[in-house]
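Next up, target-v1.cif (mmCIF, C-alpha atoms):
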```cif
data_upload
loop_
_atom_site.label_atom_id
_atom_site.label_comp_id
_atom_site.auth_asym_id
_atom_site.auth_seq_id
_atom_site.Cartn_x
_atom_site.Cartn_y
_atom_site.Cartn_z
CA MET O 1 0.00 0.00 0.00
CA SER O 2 1.34 3.41 -0.96
CA ARG O 3 1.99 6.12 1.60
CA LYS O 4 0.65 9.68 1.57
CA ILE O 5 3.18 12.27 0.39
CA GLY O 6 3.52 15.68 1.99
CA LEU O 7 5.12 18.30 -0.24
CA ILE O 8 6.37 21.72 0.90
CA GLY O 9 6.06 24.03 -2.09
CA GLY O 10 5.79 27.66 -3.10
CA LEU O 11 9.57 28.05 -3.40
CA GLY O 12 8.64 29.25 -6.02
CA TRP O 13 5.42 28.08 -7.54
CA PRO O 14 6.92 26.83 -10.86
CA ALA O 15 9.06 24.39 -8.86
CA THR O 16 5.96 23.12 -7.06
CA VAL O 17 4.22 22.57 -10.40
CA ALA O 18 7.30 20.76 -11.75
CA TYR O 19 7.51 18.45 -8.73
CA TYR O 20 3.78 17.65 -8.74
CA GLU O 21 3.81 16.86 -12.45
CA ALA O 22 7.01 14.80 -12.20
CA ILE O 23 5.70 12.78 -9.25
CA CYS O 24 2.39 12.05 -10.98
CA ARG O 25 4.00 11.15 -14.33
CA ALA O 26 6.62 8.92 -12.73
CA ALA O 27 4.00 7.18 -10.63
CA GLU O 28 1.90 6.60 -13.74
CA ALA O 29 4.94 5.20 -15.58
CA ALA O 30 5.51 2.85 -12.64
CA GLY O 31 2.00 1.48 -13.03
CA HIS O 32 0.33 3.42 -10.21
CA LYS O 33 -3.36 3.90 -10.95
CA GLY O 34 -4.39 7.52 -10.53
CA SER O 35 -2.31 10.25 -8.94
CA PRO O 36 -0.53 9.52 -5.63
CA GLU O 37 -2.24 10.69 -2.46
CA MET O 38 -0.60 13.98 -1.56
CA THR O 39 -0.97 17.19 0.46
CA ILE O 40 0.89 20.31 -0.67
CA GLU O 41 1.79 22.98 1.88
CA SER O 42 2.53 26.07 -0.21
CA LEU O 43 4.68 28.66 1.57
CA ASP O 44 5.11 32.36 0.82
CA MET O 45 8.48 32.49 -0.96
CA SER O 46 9.01 36.15 -0.07
CA ALA O 47 8.70 35.26 3.62
CA THR O 48 11.22 32.42 3.39
CA VAL O 49 13.71 34.59 1.49
CA ALA O 50 13.35 37.38 4.06
CA ALA O 51 13.97 34.88 6.86
CA ARG O 52 17.26 33.61 5.47
CA GLY O 53 20.20 33.94 7.83
CA VAL O 54 23.90 34.57 7.36
CA ALA O 55 26.32 31.85 6.34
CA GLY O 56 28.23 30.60 9.37
CA ASP O 57 25.78 32.13 11.88
CA GLU O 58 23.57 29.23 12.97
CA LYS O 59 21.29 31.32 15.19
CA SER O 60 20.47 33.72 12.37
CA TRP O 61 18.64 30.91 10.56
CA ALA O 62 16.22 30.15 13.40
CA GLY O 63 13.27 31.97 11.81
CA PHE O 64 13.86 30.31 8.44
CA ASP O 65 14.06 26.85 10.02
CA ASP O 66 10.87 27.43 12.04
CA ILE O 67 8.84 28.23 8.91
CA PHE O 68 9.62 24.78 7.54
CA ARG O 69 9.21 22.97 10.85
CA LEU O 70 5.71 24.41 11.20
CA ALA O 71 4.91 23.35 7.63
CA LEU O 72 6.06 19.81 8.41
CA GLY O 73 3.79 19.82 11.46
CA ARG O 74 0.80 20.79 9.31
CA LEU O 75 1.62 18.01 6.83
CA SER O 76 1.77 15.53 9.69
CA ALA O 77 -1.62 16.74 10.93
CA ALA O 78 -2.96 16.21 7.39
CA GLY O 79 -2.10 12.52 7.66
CA CYS O 80 1.05 12.47 5.52
CA ASP O 81 3.47 9.57 6.01
CA CYS O 82 6.57 11.18 4.49
CA ALA O 83 7.54 14.64 3.33
CA ALA O 84 9.77 16.44 0.85
CA ILE O 85 10.67 20.05 0.05
CA ALA O 86 10.11 20.97 -3.61
CA SER O 87 13.22 23.12 -3.82
CA VAL O 88 16.95 22.50 -3.45
CA THR O 89 17.95 25.66 -1.55
CA PRO O 90 16.22 24.81 1.78
CA HIS O 91 18.09 21.50 1.86
CA ASN O 92 21.14 23.47 2.92
CA ARG O 93 19.28 23.73 6.26
CA LEU O 94 17.71 20.27 6.32
CA HIS O 95 19.78 19.21 9.34
CA ALA O 96 17.97 21.90 11.37
CA ILE O 97 14.59 21.86 9.59
CA SER O 98 14.07 18.13 10.10
CA ARG O 99 15.27 18.03 13.70
CA ASP O 100 12.53 16.66 16.00
CA THR O 101 9.95 16.74 13.22
CA PRO O 102 7.15 14.12 13.19
CA LEU O 103 7.71 13.08 9.56
CA PRO O 104 10.61 11.46 7.74
CA VAL O 105 11.88 14.07 5.28
CA ILE O 106 13.31 12.84 1.98
CA GLY O 107 16.47 14.86 1.36
CA VAL O 108 17.79 15.78 -2.06
CA VAL O 109 21.39 15.03 -1.02
CA ASP O 110 20.46 11.45 -0.08
CA ALA O 111 18.63 11.15 -3.40
CA VAL O 112 21.73 12.24 -5.29
CA THR O 113 23.82 9.80 -3.26
CA GLU O 114 21.62 7.01 -4.62
CA THR O 115 22.10 8.32 -8.16
CA VAL O 116 25.81 9.18 -8.37
CA ARG O 117 28.00 6.16 -8.92
CA PRO O 118 31.79 5.87 -9.18
CA GLY O 119 32.59 6.19 -12.86
CA PRO O 120 34.13 8.41 -15.50
CA HIS O 121 33.69 11.72 -13.68
CA ASN O 122 36.42 13.25 -11.54
CA ARG O 123 35.07 16.82 -11.40
CA ALA O 124 31.61 18.31 -10.94
CA ILE O 125 30.04 21.73 -10.78
CA VAL O 126 26.78 22.45 -8.97
CA LEU O 127 24.46 25.00 -10.59
CA GLY O 128 21.72 26.63 -8.53
CA THR O 129 20.95 29.58 -6.31
CA SER O 130 23.72 31.48 -4.56
CA VAL O 131 22.90 29.69 -1.28
CA THR O 132 23.36 26.30 -2.94
CA MET O 133 26.46 27.19 -4.96
CA GLU O 134 28.22 28.75 -1.99
CA GLY O 135 26.93 26.27 0.58
CA LYS O 136 28.81 23.20 -0.72
CA LEU O 137 25.67 21.10 -0.27
CA PHE O 138 26.84 18.17 -2.39
CA ASP O 139 30.60 18.31 -1.79
CA ASP O 140 30.79 15.44 0.72
CA VAL O 141 28.72 13.14 -1.49
CA LEU O 142 30.92 13.92 -4.48
CA ALA O 143 34.12 13.44 -2.48
CA GLU O 144 32.98 9.97 -1.40
CA MET O 145 32.74 9.10 -5.10
CA GLY O 146 36.19 10.49 -5.86
CA VAL O 147 34.72 13.56 -7.56
CA THR O 148 36.10 17.03 -6.85
CA ALA O 149 33.59 19.90 -6.74
CA ILE O 150 34.58 22.87 -8.89
CA GLN O 151 34.25 25.88 -6.60
CA PRO O 152 32.71 28.91 -8.35
CA ASN O 153 34.02 32.38 -7.57
CA LYS O 154 31.83 35.34 -6.62
CA THR O 155 31.55 36.47 -10.24
CA ASP O 156 30.36 33.01 -11.33
CA VAL O 157 27.74 32.92 -8.56
CA THR O 158 26.46 36.38 -9.52
CA GLU O 159 26.20 35.40 -13.18
CA MET O 160 24.40 32.15 -12.33
CA THR O 161 21.92 34.09 -10.18
CA SER O 162 21.24 36.38 -13.14
CA LEU O 163 20.79 33.42 -15.50
CA LEU O 164 18.19 31.88 -13.19
CA ASP O 165 15.92 34.84 -13.98
CA GLU O 166 15.72 33.44 -17.53
CA PHE O 167 14.35 30.15 -16.23
CA PHE O 168 12.03 31.06 -13.36
CA TYR O 169 8.79 31.29 -15.29
CA PRO O 170 7.57 28.41 -17.48
CA GLY O 171 8.06 28.95 -21.19
CA ARG O 172 11.39 30.78 -20.89
CA ALA O 173 13.57 27.71 -20.41
CA THR O 174 14.45 27.17 -24.07
CA GLU O 175 15.84 30.66 -24.61
CA GLY O 176 17.90 30.39 -21.45
CA ARG O 177 19.50 27.07 -22.32
CA ASP O 178 22.05 28.53 -24.75
CA SER O 179 23.14 31.10 -22.17
CA LEU O 180 23.52 28.39 -19.54
CA ILE O 181 25.62 26.15 -21.80
CA ALA O 182 27.85 29.11 -22.67
CA PHE O 183 28.23 29.84 -18.95
CA ILE O 184 29.17 26.22 -18.22
CA ARG O 185 31.80 26.24 -20.95
CA SER O 186 33.32 29.43 -19.61
CA ILE O 187 33.96 28.03 -16.13
CA VAL O 188 34.60 24.35 -16.84
CA GLY O 189 37.17 24.58 -19.62
CA ASP O 190 38.14 21.01 -20.48
CA ARG O 191 34.84 19.12 -20.29
CA SER O 192 36.34 15.64 -20.02
CA GLY O 193 35.42 13.91 -16.78
CA VAL O 194 33.06 16.72 -15.74
CA LEU O 195 29.56 16.19 -14.33
CA ILE O 196 27.12 19.13 -14.38
CA ILE O 197 24.66 19.00 -11.47
CA LEU O 198 21.42 20.88 -12.07
CA ALA O 199 20.57 21.76 -8.47
CA CYS O 200 17.65 24.09 -9.11
CA THR O 201 14.22 22.98 -10.29
CA ASP O 202 13.94 26.07 -12.48
CA LEU O 203 16.71 24.68 -14.71
CA THR O 204 15.03 21.33 -15.37
CA PRO O 205 12.54 22.48 -18.08
CA ALA O 206 15.45 23.57 -20.29
CA PHE O 207 16.49 19.94 -20.61
CA PRO O 208 13.66 17.69 -21.82
CA GLU O 209 16.32 14.96 -21.89
CA SER O 210 15.79 14.67 -18.11
CA ALA O 211 12.09 13.78 -18.41
CA ASP O 212 12.63 10.04 -17.91
CA GLN O 213 16.01 9.91 -16.17
CA SER O 214 18.13 11.75 -13.64
CA ARG O 215 21.35 11.24 -15.63
CA PHE O 216 21.64 12.33 -19.26
CA THR O 217 24.01 13.82 -21.86
CA ALA O 218 23.27 17.06 -23.72
CA ASP O 219 25.32 19.64 -25.62
CA GLY O 220 28.44 17.58 -25.06
CA PHE O 221 28.12 17.53 -21.25
CA ASP O 222 27.03 14.88 -18.75
CA PHE O 223 24.25 16.12 -16.46
CA LEU O 224 22.63 15.01 -13.22
CA ASP O 225 19.21 16.52 -12.53
CA THR O 226 18.55 16.70 -8.79
CA THR O 227 14.80 17.15 -9.29
CA ALA O 228 14.49 13.85 -11.15
CA ALA O 229 16.67 12.08 -8.57
CA HIS O 230 14.60 13.58 -5.74
CA VAL O 231 11.31 12.51 -7.32
CA GLU O 232 12.63 8.95 -7.62
CA ALA O 233 13.48 8.98 -3.90
CA ILE O 234 10.06 10.43 -2.98
CA LEU O 235 8.22 7.68 -4.84
CA LYS O 236 10.44 5.06 -3.25
CA ALA O 237 9.65 6.45 0.22
CA ALA O 238 5.96 6.48 -0.68
CA LYS O 239 6.23 2.81 -1.67
CA ILE O 240 5.32 3.49 -5.27
CA ALA O 241 7.48 1.22 -7.44
CA MET O 242 9.81 2.89 -9.91
CA PRO O 243 10.72 1.36 -13.29
CA ASP O 244 14.29 0.05 -13.50
CA GLN O 245 16.77 2.67 -14.71
CA THR O 246 20.39 2.45 -15.71
CA VAL O 247 22.39 5.45 -14.50
#
```
How would this structure read if it were set down as structure tokens?
Amino acid sequence: MSRKIGLIGGLGWPATVAYYEAICRAAEAAGHKGSPEMTIESLDMSATVAARGVAGDEKSWAGFDDIFRLALGRLSAAGCDCAAIASVTPHNRLHAISRDTPLPVIGVVDAVTETVRPGPHNRAIVLGTSVTMEGKLFDDVLAEMGVTAIQPNKTDVTEMTSLLDEFFYPGRATEGRDSLIAFIRSIVGDRSGVLIILACTDLTPAFPESADQSRFTADGFDFLDTTAAHVEAILKAAKIAMPDQTV
């Protein structure tokens, strides 16, 4: 019997739409009849952004963490059996957000751990919001696989933040893809052995290649889409069988 999914969304709304659609489509592909049982707790993105703290100052994040803890409590009260946050950025605080919460929270880092395998890659760059790119969210996972994270400088982070504006609203992904590929080429140099990690849901629509798999090749680069990997982990936690995939 499948378990009820609790999804924290609104961070922003296009990401929530993308997660909901991906969960339903993947469940359908796995043979699940109808859409999975789910409750979505949509937060006010402006409130969560305003509540962000300062890197290195744990206490400054207390308000941000509380917003998510309260949302998890409401999902628990709604009868959910497991929960996930439909955004990568808050996972930088998952250690605090999920502390003493009533629900098991499916983390995107754990999902990526299940997806990344030792192989041809020895370098990787994580693309996402400034919090994610500067927070080294995936560095430990990559290191365990013998992969070195390429650390972006301040200029790279600023440019990536600007590029995300081209992806935020549905329908603009295609025009932003060329700019993103050019950006990747400018900071990666030699592409051999490099894995590009798409760690922002807003980037996913630019790559239809990721529709059925978390790992794919496009424009001469190897990609890992964290949204697809996270959705796979959510369905596994909800006891909805996933089709076999080779990654």
Item to check | Output of the PyMOL selection byres ((chain O and resi 87) around 12), listed as an MDAnalysis selection string | outcome: chainID O and resid 7:20 42:43 45 48 84:86 88:94 106:109 128:129 131:132 198:204 226:228 230:231
Checklist entry - If you apply the PyMOL selection byres ((chain O and resi 152) around 9) to this file, what residues do you get, as JSON, numbers by chain? => result {"O": [125, 126, 133, 134, 150, 151, 153, 154, 155, 156, 157, 187]}
Item to check | Residue members of the PyMOL selection byres ((chain O and resi 23-31) around 12) in the file shown, as a PyMOL selection string | outcome: chain O and resi 2+5-7+16-22+32-38+84+86+211-214+227-236+238-245
Item to check | Point-to-point distance in Å for CA of Leu163 (chain O) and CA of Ser179 (chain O) | outcome: 7.4 Å
Item to check | CA of Ala143 (chain O) to CA of Gly56 (chain O), distance in Å rounded to a single decimal | outcome: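 Computing it gives 21.7 Å between the two atoms.
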Checklist entry - What's the 10 Å shell around Ile181 (chain O), counting only C-alpha atoms, without same-chain residues fewer than 4 positions away, as a ChimeraX atom specification? => result /O:176-177,185-186,218-221
Those residues you just picked out, can you put them in a file as a short mmCIF file (atom, residue, chain, number, x, y, z; two decimals), in the coordinates of the input with C-alpha atoms?
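Written file, selection.cif:
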```cif
data_model
loop_
_atom_site.label_atom_id
_atom_site.label_comp_id
_atom_site.auth_asym_id
_atom_site.auth_seq_id
_atom_site.Cartn_x
_atom_site.Cartn_y
_atom_site.Cartn_z
CA GLY O 176 17.90 30.39 -21.45
CA ARG O 177 19.50 27.07 -22.32
CA ARG O 185 31.80 26.24 -20.95
CA SER O 186 33.32 29.43 -19.61
CA ALA O 218 23.27 17.06 -23.72
CA ASP O 219 25.32 19.64 -25.62
CA GLY O 220 28.44 17.58 -25.06
CA PHE O 221 28.12 17.53 -21.25
#
```
Checklist entry - CA of Gly63 (chain O) to CA of Ala96 (chain O): how many Å, to one decimal? => result 11.1 Å
Next on the checklist: as a list in words, please: the residues near Thr101 (chain O) (cut-off 12 Å, only C-alpha atoms, same-chain neighbours under 2 positions excluded).
Outcome noted: Asp65, Asp66, Phe68, Arg69, Leu70, Ala71, Leu72, Gly73, Arg74, Leu75, Ser76, Ala77, Cys82, Ala83, Leu94, His95, Ala96, Ile97, Ser98, Arg99, Leu103, Pro104 and Val105 of chain O
Checklist entry - With all atoms listed in the file as the atoms that count, which of O:Ile184, O:Ser60, O:Asp100, O:Asn122 lies nearest to Ala149 (chain O)? => result O:Asn122
